[in-house]
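Text of data-v1.cif (mmCIF, N, CA and C atoms) as supplied:
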```cif
data_upload
loop_
_atom_site.label_atom_id
_atom_site.label_comp_id
_atom_site.auth_asym_id
_atom_site.auth_seq_id
_atom_site.Cartn_x
_atom_site.Cartn_y
_atom_site.Cartn_z
N MET A 1 109.89 47.10 171.65
CA MET A 1 110.29 45.74 171.88
C MET A 1 109.08 44.82 171.97
N GLY A 2 108.00 45.31 172.52
CA GLY A 2 106.79 44.50 172.65
C GLY A 2 106.23 44.06 171.32
N ASN A 3 106.21 44.98 170.34
CA ASN A 3 105.72 44.61 169.01
C ASN A 3 106.62 43.56 168.38
N ASN A 4 107.93 43.69 168.57
CA ASN A 4 108.84 42.70 168.01
C ASN A 4 108.63 41.33 168.64
N LEU A 5 108.32 41.28 169.92
CA LEU A 5 108.03 40.00 170.55
C LEU A 5 106.80 39.36 169.92
N ILE A 6 105.78 40.16 169.70
CA ILE A 6 104.57 39.66 169.05
C ILE A 6 104.90 39.15 167.65
N GLU A 7 105.70 39.89 166.92
CA GLU A 7 106.09 39.48 165.56
C GLU A 7 106.87 38.17 165.59
N PHE A 8 107.76 38.01 166.55
CA PHE A 8 108.51 36.76 166.67
C PHE A 8 107.56 35.59 166.97
N LEU A 9 106.68 35.79 167.93
CA LEU A 9 105.70 34.74 168.28
C LEU A 9 104.82 34.39 167.08
N HIS A 10 104.39 35.41 166.36
CA HIS A 10 103.54 35.17 165.20
C HIS A 10 104.30 34.48 164.07
N SER A 11 105.59 34.76 163.93
CA SER A 11 106.36 34.07 162.88
C SER A 11 106.42 32.58 163.17
N LEU A 12 106.61 32.22 164.43
CA LEU A 12 106.62 30.80 164.80
C LEU A 12 105.25 30.17 164.58
N GLN A 13 104.20 30.93 164.88
CA GLN A 13 102.84 30.43 164.68
C GLN A 13 102.56 30.24 163.19
N TYR A 14 102.98 31.19 162.36
CA TYR A 14 102.80 31.09 160.92
C TYR A 14 103.48 29.81 160.40
N ALA A 15 104.71 29.59 160.86
CA ALA A 15 105.44 28.40 160.43
C ALA A 15 104.71 27.13 160.84
N LYS A 16 104.18 27.11 162.04
CA LYS A 16 103.42 25.94 162.50
C LYS A 16 102.17 25.74 161.66
N ASP A 17 101.46 26.82 161.41
CA ASP A 17 100.21 26.75 160.65
C ASP A 17 100.42 26.34 159.19
N HIS A 18 101.58 26.66 158.63
CA HIS A 18 101.83 26.44 157.21
C HIS A 18 102.92 25.39 156.95
N ASP A 19 103.23 24.61 157.98
CA ASP A 19 104.22 23.55 157.86
C ASP A 19 105.51 24.07 157.23
N ALA A 20 106.04 25.11 157.85
CA ALA A 20 107.25 25.76 157.35
C ALA A 20 108.26 25.87 158.50
N VAL A 21 109.42 26.39 158.19
CA VAL A 21 110.46 26.62 159.19
C VAL A 21 110.82 28.10 159.14
N VAL A 22 110.89 28.72 160.29
CA VAL A 22 111.29 30.12 160.37
C VAL A 22 112.80 30.20 160.21
N GLY A 23 113.22 31.08 159.33
CA GLY A 23 114.64 31.36 159.15
C GLY A 23 114.94 32.74 159.71
N ILE A 24 115.98 32.83 160.52
CA ILE A 24 116.34 34.10 161.13
C ILE A 24 117.77 34.43 160.76
N MET A 25 117.96 35.62 160.25
CA MET A 25 119.29 36.09 159.87
C MET A 25 120.03 36.54 161.14
N MET A 26 121.22 36.03 161.33
CA MET A 26 122.03 36.46 162.47
C MET A 26 122.26 37.97 162.34
N GLY A 27 122.12 38.67 163.44
CA GLY A 27 122.27 40.12 163.44
C GLY A 27 120.97 40.87 163.20
N SER A 28 119.89 40.14 162.97
CA SER A 28 118.60 40.79 162.72
C SER A 28 117.87 41.07 164.03
N TRP A 29 116.73 41.79 163.93
CA TRP A 29 116.03 42.19 165.15
C TRP A 29 115.59 41.03 166.03
N PRO A 30 115.17 39.86 165.47
CA PRO A 30 114.78 38.80 166.40
C PRO A 30 115.94 38.31 167.28
N VAL A 31 117.12 38.25 166.69
CA VAL A 31 118.30 37.82 167.45
C VAL A 31 118.61 38.82 168.56
N HIS A 32 118.53 40.10 168.23
CA HIS A 32 118.79 41.12 169.25
C HIS A 32 117.72 41.10 170.34
N LEU A 33 116.48 40.99 169.94
CA LEU A 33 115.38 40.92 170.91
C LEU A 33 115.59 39.77 171.88
N ILE A 34 115.86 38.61 171.33
CA ILE A 34 115.97 37.41 172.16
C ILE A 34 117.17 37.49 173.10
N THR A 35 118.30 37.96 172.60
CA THR A 35 119.48 37.99 173.48
C THR A 35 119.47 39.16 174.44
N ASP A 36 118.70 40.20 174.16
CA ASP A 36 118.60 41.31 175.11
C ASP A 36 117.81 40.90 176.35
N MET A 37 116.82 40.03 176.19
CA MET A 37 115.94 39.69 177.30
C MET A 37 116.10 38.25 177.79
N TRP A 38 116.37 37.35 176.87
CA TRP A 38 116.49 35.93 177.19
C TRP A 38 117.69 35.36 176.46
N LEU A 39 118.07 34.17 176.82
CA LEU A 39 119.05 33.39 176.07
C LEU A 39 120.32 34.16 175.73
N ALA A 40 120.97 34.69 176.74
CA ALA A 40 122.25 35.36 176.54
C ALA A 40 123.27 34.38 175.98
N VAL A 41 124.31 34.92 175.38
CA VAL A 41 125.42 34.11 174.88
C VAL A 41 126.45 34.01 176.00
N TYR A 42 126.85 32.80 176.33
CA TYR A 42 127.82 32.58 177.39
C TYR A 42 129.17 32.19 176.81
N ASP A 43 130.21 32.79 177.32
CA ASP A 43 131.59 32.48 176.93
C ASP A 43 131.82 32.58 175.43
N GLY A 44 131.08 33.47 174.77
CA GLY A 44 131.27 33.68 173.33
C GLY A 44 130.87 32.50 172.46
N ASP A 45 130.11 31.57 172.99
CA ASP A 45 129.75 30.36 172.26
C ASP A 45 128.54 30.59 171.36
N ILE A 46 128.78 31.26 170.25
CA ILE A 46 127.71 31.55 169.29
C ILE A 46 127.18 30.26 168.67
N ALA A 47 128.06 29.34 168.36
CA ALA A 47 127.62 28.07 167.75
C ALA A 47 126.69 27.31 168.69
N GLY A 48 127.02 27.27 169.95
CA GLY A 48 126.16 26.62 170.93
C GLY A 48 124.83 27.33 171.07
N TRP A 49 124.86 28.67 171.05
CA TRP A 49 123.64 29.46 171.14
C TRP A 49 122.74 29.15 169.95
N ARG A 50 123.33 29.13 168.76
CA ARG A 50 122.55 28.86 167.54
C ARG A 50 121.90 27.48 167.59
N LYS A 51 122.67 26.50 167.99
CA LYS A 51 122.15 25.13 168.08
C LYS A 51 120.99 25.07 169.06
N PHE A 52 121.15 25.71 170.21
CA PHE A 52 120.09 25.71 171.21
C PHE A 52 118.84 26.40 170.67
N MET A 53 119.00 27.54 170.02
CA MET A 53 117.86 28.26 169.43
C MET A 53 117.15 27.40 168.38
N GLU A 54 117.92 26.82 167.49
CA GLU A 54 117.34 26.02 166.42
C GLU A 54 116.58 24.82 166.97
N GLN A 55 117.11 24.19 168.00
CA GLN A 55 116.43 23.04 168.60
C GLN A 55 115.23 23.46 169.44
N SER A 56 115.35 24.55 170.17
CA SER A 56 114.28 24.98 171.08
C SER A 56 113.06 25.50 170.34
N PHE A 57 113.27 26.19 169.23
CA PHE A 57 112.17 26.85 168.53
C PHE A 57 111.93 26.28 167.13
N CYS A 58 112.64 25.22 166.77
CA CYS A 58 112.51 24.62 165.43
C CYS A 58 112.67 25.68 164.35
N ILE A 59 113.74 26.44 164.45
CA ILE A 59 114.05 27.49 163.47
C ILE A 59 115.37 27.16 162.80
N ARG A 60 115.74 27.97 161.85
CA ARG A 60 117.04 27.88 161.18
C ARG A 60 117.65 29.26 161.21
N THR A 61 118.93 29.34 161.56
CA THR A 61 119.63 30.63 161.55
C THR A 61 120.56 30.68 160.35
N PHE A 62 120.70 31.88 159.81
CA PHE A 62 121.54 32.10 158.63
C PHE A 62 122.49 33.26 158.88
N ASP A 63 123.68 33.14 158.26
CA ASP A 63 124.64 34.24 158.34
C ASP A 63 124.47 35.24 157.21
N ASN A 64 123.98 34.77 156.06
CA ASN A 64 123.78 35.67 154.93
C ASN A 64 122.65 35.14 154.06
N PRO A 65 122.05 36.02 153.27
CA PRO A 65 120.90 35.63 152.43
C PRO A 65 121.22 34.54 151.41
N GLU A 66 122.46 34.42 151.01
CA GLU A 66 122.85 33.40 150.02
C GLU A 66 122.52 31.99 150.52
N GLU A 67 122.57 31.79 151.83
CA GLU A 67 122.31 30.46 152.39
C GLU A 67 120.87 30.00 152.14
N THR A 68 119.96 30.94 151.93
CA THR A 68 118.56 30.56 151.73
C THR A 68 118.31 29.99 150.33
N LYS A 69 119.25 30.15 149.42
CA LYS A 69 119.07 29.67 148.05
C LYS A 69 119.00 28.16 147.96
N GLN A 70 119.41 27.46 149.00
CA GLN A 70 119.36 26.00 148.98
C GLN A 70 117.94 25.46 149.17
N TYR A 71 117.01 26.36 149.51
CA TYR A 71 115.63 25.94 149.76
C TYR A 71 114.77 26.22 148.53
N LYS A 72 113.84 25.31 148.30
CA LYS A 72 112.96 25.40 147.14
C LYS A 72 112.07 26.63 147.19
N LYS A 73 111.55 26.93 148.37
CA LYS A 73 110.64 28.06 148.50
C LYS A 73 111.00 28.85 149.76
N VAL A 74 111.16 30.14 149.59
CA VAL A 74 111.45 31.03 150.72
C VAL A 74 110.38 32.12 150.74
N ILE A 75 109.71 32.23 151.86
CA ILE A 75 108.68 33.26 152.03
C ILE A 75 109.26 34.37 152.90
N ARG A 76 109.26 35.56 152.38
CA ARG A 76 109.73 36.71 153.16
C ARG A 76 108.50 37.48 153.61
N MET A 77 108.48 37.82 154.90
CA MET A 77 107.33 38.55 155.43
C MET A 77 107.81 39.82 156.12
N GLU A 78 107.07 40.88 155.92
CA GLU A 78 107.34 42.14 156.58
C GLU A 78 106.92 42.04 158.05
N SER A 79 107.57 42.81 158.89
CA SER A 79 107.24 42.82 160.32
C SER A 79 105.77 43.15 160.54
N ARG A 80 105.25 44.09 159.77
CA ARG A 80 103.84 44.49 159.90
C ARG A 80 102.91 43.30 159.65
N ASP A 81 103.23 42.51 158.62
CA ASP A 81 102.41 41.34 158.30
C ASP A 81 102.48 40.29 159.41
N LEU A 82 103.65 40.13 160.00
CA LEU A 82 103.79 39.21 161.12
C LEU A 82 102.99 39.70 162.32
N PHE A 83 103.04 40.99 162.57
CA PHE A 83 102.30 41.56 163.69
C PHE A 83 100.81 41.31 163.53
N MET A 84 100.31 41.45 162.32
CA MET A 84 98.87 41.33 162.05
C MET A 84 98.42 39.88 161.85
N TYR A 85 99.33 38.94 161.79
CA TYR A 85 98.97 37.55 161.51
C TYR A 85 98.06 36.99 162.60
N THR A 86 97.04 36.25 162.17
CA THR A 86 96.17 35.55 163.12
C THR A 86 96.26 34.06 162.82
N GLN A 87 96.18 33.29 163.86
CA GLN A 87 96.36 31.85 163.74
C GLN A 87 95.29 31.21 162.89
N GLU A 88 95.64 30.06 162.36
CA GLU A 88 94.67 29.21 161.69
C GLU A 88 94.43 28.05 162.63
N GLY A 89 93.21 27.66 162.79
CA GLY A 89 92.92 26.56 163.68
C GLY A 89 92.32 27.03 165.00
N PRO A 90 92.04 26.08 165.88
CA PRO A 90 91.38 26.40 167.15
C PRO A 90 92.21 27.32 168.04
N PHE A 91 91.50 28.23 168.70
CA PHE A 91 92.16 29.21 169.56
C PHE A 91 92.90 28.52 170.72
N ASN A 92 92.35 27.46 171.27
CA ASN A 92 93.00 26.81 172.40
C ASN A 92 94.35 26.20 172.00
N GLN A 93 94.47 25.73 170.75
CA GLN A 93 95.76 25.23 170.27
C GLN A 93 96.77 26.36 170.10
N TYR A 94 96.27 27.52 169.65
CA TYR A 94 97.12 28.71 169.53
C TYR A 94 97.66 29.11 170.89
N VAL A 95 96.80 29.18 171.88
CA VAL A 95 97.22 29.56 173.23
C VAL A 95 98.23 28.57 173.78
N GLN A 96 97.99 27.30 173.55
CA GLN A 96 98.89 26.26 174.03
C GLN A 96 100.28 26.40 173.39
N TYR A 97 100.32 26.62 172.09
CA TYR A 97 101.60 26.73 171.39
C TYR A 97 102.35 28.01 171.80
N GLN A 98 101.63 29.12 171.86
CA GLN A 98 102.27 30.38 172.26
C GLN A 98 102.78 30.28 173.70
N GLY A 99 102.01 29.62 174.56
CA GLY A 99 102.45 29.41 175.94
C GLY A 99 103.73 28.60 176.02
N LYS A 100 103.85 27.60 175.16
CA LYS A 100 105.07 26.79 175.11
C LYS A 100 106.28 27.65 174.75
N ILE A 101 106.11 28.52 173.76
CA ILE A 101 107.20 29.40 173.34
C ILE A 101 107.59 30.33 174.49
N LEU A 102 106.59 30.95 175.10
CA LEU A 102 106.87 31.88 176.21
C LEU A 102 107.53 31.16 177.39
N ARG A 103 107.09 29.96 177.70
CA ARG A 103 107.72 29.20 178.79
C ARG A 103 109.19 28.93 178.46
N THR A 104 109.47 28.59 177.21
CA THR A 104 110.85 28.35 176.80
C THR A 104 111.68 29.61 176.97
N LEU A 105 111.15 30.74 176.52
CA LEU A 105 111.89 31.99 176.68
C LEU A 105 112.16 32.30 178.15
N PHE A 106 111.12 32.24 178.96
CA PHE A 106 111.28 32.64 180.36
C PHE A 106 112.02 31.61 181.19
N ARG A 107 112.16 30.40 180.69
CA ARG A 107 113.00 29.41 181.36
C ARG A 107 114.46 29.85 181.27
N TRP A 108 114.77 30.66 180.26
CA TRP A 108 116.14 31.10 180.00
C TRP A 108 116.27 32.63 180.05
N TYR A 109 115.54 33.27 180.99
CA TYR A 109 115.61 34.73 181.09
C TYR A 109 117.02 35.15 181.50
N ASN A 110 117.41 36.34 181.05
CA ASN A 110 118.73 36.85 181.38
C ASN A 110 118.79 37.25 182.85
N ASN A 111 119.88 36.87 183.48
CA ASN A 111 120.07 37.16 184.90
C ASN A 111 121.30 38.02 185.16
N GLY A 112 121.74 38.72 184.13
CA GLY A 112 122.89 39.60 184.29
C GLY A 112 124.21 38.94 183.95
N ILE A 113 124.17 37.69 183.51
CA ILE A 113 125.39 36.97 183.14
C ILE A 113 125.33 36.67 181.65
N GLY A 114 126.41 36.95 180.95
CA GLY A 114 126.49 36.68 179.52
C GLY A 114 126.39 37.96 178.70
N LEU A 115 126.38 37.79 177.40
CA LEU A 115 126.35 38.91 176.47
C LEU A 115 125.18 38.76 175.51
N ASN A 116 124.72 39.92 175.00
CA ASN A 116 123.74 39.88 173.92
C ASN A 116 124.51 39.79 172.60
N MET A 117 123.82 39.76 171.49
CA MET A 117 124.50 39.61 170.20
C MET A 117 125.29 40.85 169.80
N ARG A 118 125.07 41.93 170.47
CA ARG A 118 125.87 43.14 170.21
C ARG A 118 127.15 43.11 171.05
N LYS A 119 127.32 42.01 171.78
CA LYS A 119 128.47 41.79 172.66
C LYS A 119 128.49 42.73 173.85
N ASN A 120 127.30 43.17 174.26
CA ASN A 120 127.16 43.97 175.47
C ASN A 120 126.67 43.08 176.60
N PRO A 121 127.07 43.38 177.83
CA PRO A 121 126.56 42.59 178.96
C PRO A 121 125.04 42.69 179.04
N VAL A 122 124.41 41.56 179.32
CA VAL A 122 122.95 41.56 179.47
C VAL A 122 122.59 42.03 180.86
N LYS A 123 121.37 42.53 180.98
CA LYS A 123 120.87 42.96 182.28
C LYS A 123 120.10 41.81 182.92
N ASP A 124 119.86 41.95 184.18
CA ASP A 124 119.06 40.99 184.93
C ASP A 124 117.60 41.38 184.74
N MET A 125 116.81 40.50 184.13
CA MET A 125 115.40 40.82 183.90
C MET A 125 114.64 41.03 185.21
N CYS A 126 115.15 40.52 186.29
CA CYS A 126 114.48 40.69 187.59
C CYS A 126 114.97 41.92 188.34
N SER A 127 115.84 42.70 187.74
CA SER A 127 116.42 43.85 188.44
C SER A 127 115.36 44.86 188.87
N VAL A 128 114.33 45.06 188.07
CA VAL A 128 113.27 46.00 188.43
C VAL A 128 112.54 45.51 189.68
N LEU A 129 112.18 44.24 189.70
CA LEU A 129 111.50 43.69 190.87
C LEU A 129 112.38 43.78 192.11
N LYS A 130 113.65 43.46 191.94
CA LYS A 130 114.57 43.54 193.07
C LYS A 130 114.68 44.98 193.56
N ALA A 131 114.70 45.92 192.63
CA ALA A 131 114.82 47.33 193.02
C ALA A 131 113.56 47.82 193.73
N ILE A 132 112.40 47.41 193.24
CA ILE A 132 111.14 47.86 193.84
C ILE A 132 110.97 47.33 195.26
N PHE A 133 111.40 46.09 195.48
CA PHE A 133 111.16 45.46 196.77
C PHE A 133 112.41 45.41 197.65
N SER A 134 113.33 46.31 197.41
CA SER A 134 114.53 46.37 198.24
C SER A 134 114.80 47.81 198.65
N ASN A 135 115.92 48.02 199.25
CA ASN A 135 116.31 49.38 199.64
C ASN A 135 116.67 50.24 198.44
N GLU A 136 116.74 49.64 197.27
CA GLU A 136 117.09 50.36 196.04
C GLU A 136 115.88 50.86 195.27
N ARG A 137 114.68 50.83 195.86
CA ARG A 137 113.47 51.14 195.11
C ARG A 137 113.46 52.54 194.51
N HIS A 138 114.24 53.46 195.06
CA HIS A 138 114.29 54.82 194.50
C HIS A 138 114.93 54.85 193.11
N SER A 139 115.69 53.80 192.75
CA SER A 139 116.36 53.78 191.45
C SER A 139 115.63 52.91 190.42
N ALA A 140 114.45 52.42 190.76
CA ALA A 140 113.74 51.51 189.86
C ALA A 140 113.25 52.25 188.62
N VAL A 141 113.47 51.62 187.47
CA VAL A 141 112.93 52.12 186.20
C VAL A 141 111.82 51.15 185.82
N TYR A 142 110.66 51.66 185.54
CA TYR A 142 109.54 50.80 185.22
C TYR A 142 108.65 51.46 184.19
N SER A 143 107.77 50.66 183.62
CA SER A 143 106.80 51.20 182.67
C SER A 143 105.44 50.64 183.03
N VAL A 144 104.43 51.30 182.53
CA VAL A 144 103.06 50.88 182.79
C VAL A 144 102.40 50.59 181.46
N VAL A 145 101.73 49.46 181.36
CA VAL A 145 101.01 49.10 180.15
C VAL A 145 99.54 49.44 180.38
N HIS A 146 98.97 50.25 179.49
CA HIS A 146 97.57 50.66 179.62
C HIS A 146 96.71 49.84 178.71
#
```
Go ahead and express the file in the form of structure tokens.
Amino acid sequence: MGNNLIEFLHSLQYAKDHDAVVGIMMGSWPVHLITDMWLAVYDGDIAGWRKFMEQSFCIRTFDNPEETKQYKKVIRMESRDLFMYTQEGPFNQYVQYQGKILRTLFRWYNNGIGLNMRKNPVKDMCSVLKAIFSNERHSAVYSVVH
């Protein structure tokens, strides 16, 4: 999941650097990544979710590849290429833009209410912290980044 987050962040950076718009296919890994951790769907309102995503991240969502034919130029990038992408321009502007994206995501972290795009209930992103610092600490699942 960590690599996919980097790829998502880099796709937005690529679009900014190249004056483009990121297009995301509904049902693809970015949609699953985002709804598993942030921006759950409430009351089945997929249209509202899409509008919020498109406005928040300046992206476009598509239901099928045919919809992309209306655009003059479509650039398809492999996940590996997105992962390896490095910004163009000053590093401080890169940090500022990436920080804005991360703040937007974490402003809407999942709190155990709503569904992901697979229509499964989302988990509370703070559940690990709550488990570690409560009487439930014996059930905490955690990972360590080296």
**Asked** Selected by the PyMOL selection byres (((chain A and resi 24 and name CA) around 9) and name CA) in the shown coordinates: which residues, as a list in words?
**Response**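 Against this file, the PyMOL selection byres (((chain A and resi 24 and name CA) around 9) and name CA) returns the residues Val22, Gly23, Met25, Met26, Gly27, Ser28, Pro30, Val31, Ile59, Arg60, Thr61, Phe62 and Asp63 of chain A.
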**Resolved residues for the PyMOL selection byres ((chain A and resi 40) around 6.5) as a ChimeraX atom specification** = /A:34-39,41-42,108-110,113-116
With N, CA and C atoms kept, could you save the residues just selected as a PDB file, keeping the file's coordinate frame?
```
ATOM      1  N   ILE A  34     115.860  38.610 171.330  1.00  0.00           N
ATOM      2  CA  ILE A  34     115.970  37.410 172.160  1.00  0.00           C
ATOM      3  C   ILE A  34     117.170  37.490 173.100  1.00  0.00           C
ATOM      4  N   THR A  35     118.300  37.960 172.600  1.00  0.00           N
ATOM      5  CA  THR A  35     119.480  37.990 173.480  1.00  0.00           C
ATOM      6  C   THR A  35     119.470  39.160 174.440  1.00  0.00           C
ATOM      7  N   ASP A  36     118.700  40.200 174.160  1.00  0.00           N
ATOM      8  CA  ASP A  36     118.600  41.310 175.110  1.00  0.00           C
ATOM      9  C   ASP A  36     117.810  40.900 176.350  1.00  0.00           C
ATOM     10  N   MET A  37     116.820  40.030 176.190  1.00  0.00           N
ATOM     11  CA  MET A  37     115.940  39.690 177.300  1.00  0.00           C
ATOM     12  C   MET A  37     116.100  38.250 177.790  1.00  0.00           C
ATOM     13  N   TRP A  38     116.370  37.350 176.870  1.00  0.00           N
ATOM     14  CA  TRP A  38     116.490  35.930 177.190  1.00  0.00           C
ATOM     15  C   TRP A  38     117.690  35.360 176.460  1.00  0.00           C
ATOM     16  N   LEU A  39     118.070  34.170 176.820  1.00  0.00           N
ATOM     17  CA  LEU A  39     119.050  33.390 176.070  1.00  0.00           C
ATOM     18  C   LEU A  39     120.320  34.160 175.730  1.00  0.00           C
ATOM     19  N   VAL A  41     124.310  34.920 175.380  1.00  0.00           N
ATOM     20  CA  VAL A  41     125.420  34.110 174.880  1.00  0.00           C
ATOM     21  C   VAL A  41     126.450  34.010 176.000  1.00  0.00           C
ATOM     22  N   TYR A  42     126.850  32.800 176.330  1.00  0.00           N
ATOM     23  CA  TYR A  42     127.820  32.580 177.390  1.00  0.00           C
ATOM     24  C   TYR A  42     129.170  32.190 176.810  1.00  0.00           C
ATOM     25  N   TRP A 108     114.770  30.660 180.260  1.00  0.00           N
ATOM     26  CA  TRP A 108     116.140  31.100 180.000  1.00  0.00           C
ATOM     27  C   TRP A 108     116.270  32.630 180.050  1.00  0.00           C
ATOM     28  N   TYR A 109     115.540  33.270 180.990  1.00  0.00           N
ATOM     29  CA  TYR A 109     115.610  34.730 181.090  1.00  0.00           C
ATOM     30  C   TYR A 109     117.020  35.150 181.500  1.00  0.00           C
ATOM     31  N   ASN A 110     117.410  36.340 181.050  1.00  0.00           N
ATOM     32  CA  ASN A 110     118.730  36.850 181.380  1.00  0.00           C
ATOM     33  C   ASN A 110     118.790  37.250 182.850  1.00  0.00           C
ATOM     34  N   ILE A 113     124.170  37.690 183.510  1.00  0.00           N
ATOM     35  CA  ILE A 113     125.390  36.970 183.140  1.00  0.00           C
ATOM     36  C   ILE A 113     125.330  36.670 181.650  1.00  0.00           C
ATOM     37  N   GLY A 114     126.410  36.950 180.950  1.00  0.00           N
ATOM     38  CA  GLY A 114     126.490  36.680 179.520  1.00  0.00           C
ATOM     39  C   GLY A 114     126.390  37.960 178.700  1.00  0.00           C
ATOM     40  N   LEU A 115     126.380  37.790 177.400  1.00  0.00           N
ATOM     41  CA  LEU A 115     126.350  38.910 176.470  1.00  0.00           C
ATOM     42  C   LEU A 115     125.180  38.760 175.510  1.00  0.00           C
ATOM     43  N   ASN A 116     124.720  39.920 175.000  1.00  0.00           N
ATOM     44  CA  ASN A 116     123.740  39.880 173.920  1.00  0.00           C
ATOM     45  C   ASN A 116     124.510  39.790 172.600  1.00  0.00           C
TER      46      ASN A 116
END
```
**Message:** Could you tell me, as an NGL selection string, exactly which residues end up selected when the PyMOL selection byres ((chain A and resi 72-83) around 6) is applied to this structure?
**Reply:** :A and (6-7 or 10-11 or 69-71 or 84-85)
Residues as selected, N, CA and C atoms, written as a PDB file, in the frame of the given file, can you do that?
```
ATOM      1  N   ILE A   6     105.780  40.160 169.700  1.00  0.00           N
ATOM      2  CA  ILE A   6     104.570  39.660 169.050  1.00  0.00           C
ATOM      3  C   ILE A   6     104.900  39.150 167.650  1.00  0.00           C
ATOM      4  N   GLU A   7     105.700  39.890 166.920  1.00  0.00           N
ATOM      5  CA  GLU A   7     106.090  39.480 165.560  1.00  0.00           C
ATOM      6  C   GLU A   7     106.870  38.170 165.590  1.00  0.00           C
ATOM      7  N   HIS A  10     104.390  35.410 166.360  1.00  0.00           N
ATOM      8  CA  HIS A  10     103.540  35.170 165.200  1.00  0.00           C
ATOM      9  C   HIS A  10     104.300  34.480 164.070  1.00  0.00           C
ATOM     10  N   SER A  11     105.590  34.760 163.930  1.00  0.00           N
ATOM     11  CA  SER A  11     106.360  34.070 162.880  1.00  0.00           C
ATOM     12  C   SER A  11     106.420  32.580 163.170  1.00  0.00           C
ATOM     13  N   LYS A  69     119.250  30.150 149.420  1.00  0.00           N
ATOM     14  CA  LYS A  69     119.070  29.670 148.050  1.00  0.00           C
ATOM     15  C   LYS A  69     119.000  28.160 147.960  1.00  0.00           C
ATOM     16  N   GLN A  70     119.410  27.460 149.000  1.00  0.00           N
ATOM     17  CA  GLN A  70     119.360  26.000 148.980  1.00  0.00           C
ATOM     18  C   GLN A  70     117.940  25.460 149.170  1.00  0.00           C
ATOM     19  N   TYR A  71     117.010  26.360 149.510  1.00  0.00           N
ATOM     20  CA  TYR A  71     115.630  25.940 149.760  1.00  0.00           C
ATOM     21  C   TYR A  71     114.770  26.220 148.530  1.00  0.00           C
ATOM     22  N   MET A  84     100.310  41.450 162.320  1.00  0.00           N
ATOM     23  CA  MET A  84      98.870  41.330 162.050  1.00  0.00           C
ATOM     24  C   MET A  84      98.420  39.880 161.850  1.00  0.00           C
ATOM     25  N   TYR A  85      99.330  38.940 161.790  1.00  0.00           N
ATOM     26  CA  TYR A  85      98.970  37.550 161.510  1.00  0.00           C
ATOM     27  C   TYR A  85      98.060  36.990 162.600  1.00  0.00           C
TER      28      TYR A  85
END
```
Would you give the centre and edge lengths, in Å to one decimal, of a box along x, y and z around the listed atoms of region 71-89 of chain A, with 4 Å added to each side, as AutoDock Vina command-line options?
```
--center_x 104.7 --center_y 34.9 --center_z 156.1 --size_x 32.7 --size_y 27.2 --size_z 25.9
```
**Message:** At a cut-off of 8 Å, using all atoms listed in the file, what residues contact Gln87 (chain A)? Leave out same-chain residues fewer than 2 positions from it and give the result as a list in words.
**Reply:**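 What passes the distance filter is His10, Gln13, Tyr14, Asp17, Met84, Tyr85, Gly89, Pro90, Phe91 and Tyr94 of chain A.
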**Asked** In Å, how far is it from CA of Phe57 (chain A) to CA of Val21 (chain A)?
**Response**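 Between CA of Phe57 (chain A) and CA of Val21 (chain A) the gap is 9.5 Å.
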**Request:** Extract the full set of strand (DSSP E) residues from chain A according to DSSP on the backbone, and format it as a list of chain:residue names.
**Result:**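 Assigned to strand (DSSP E), within chain A: A:Val22, A:Gly23, A:Ile24, A:Met25, A:Ile59, A:Arg60, A:Thr61, A:Phe62.
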**Complete:** As a check of understanding: the span from CA of Leu102 (chain A) to CA of Ala20 (chain A) is 19.8 Å
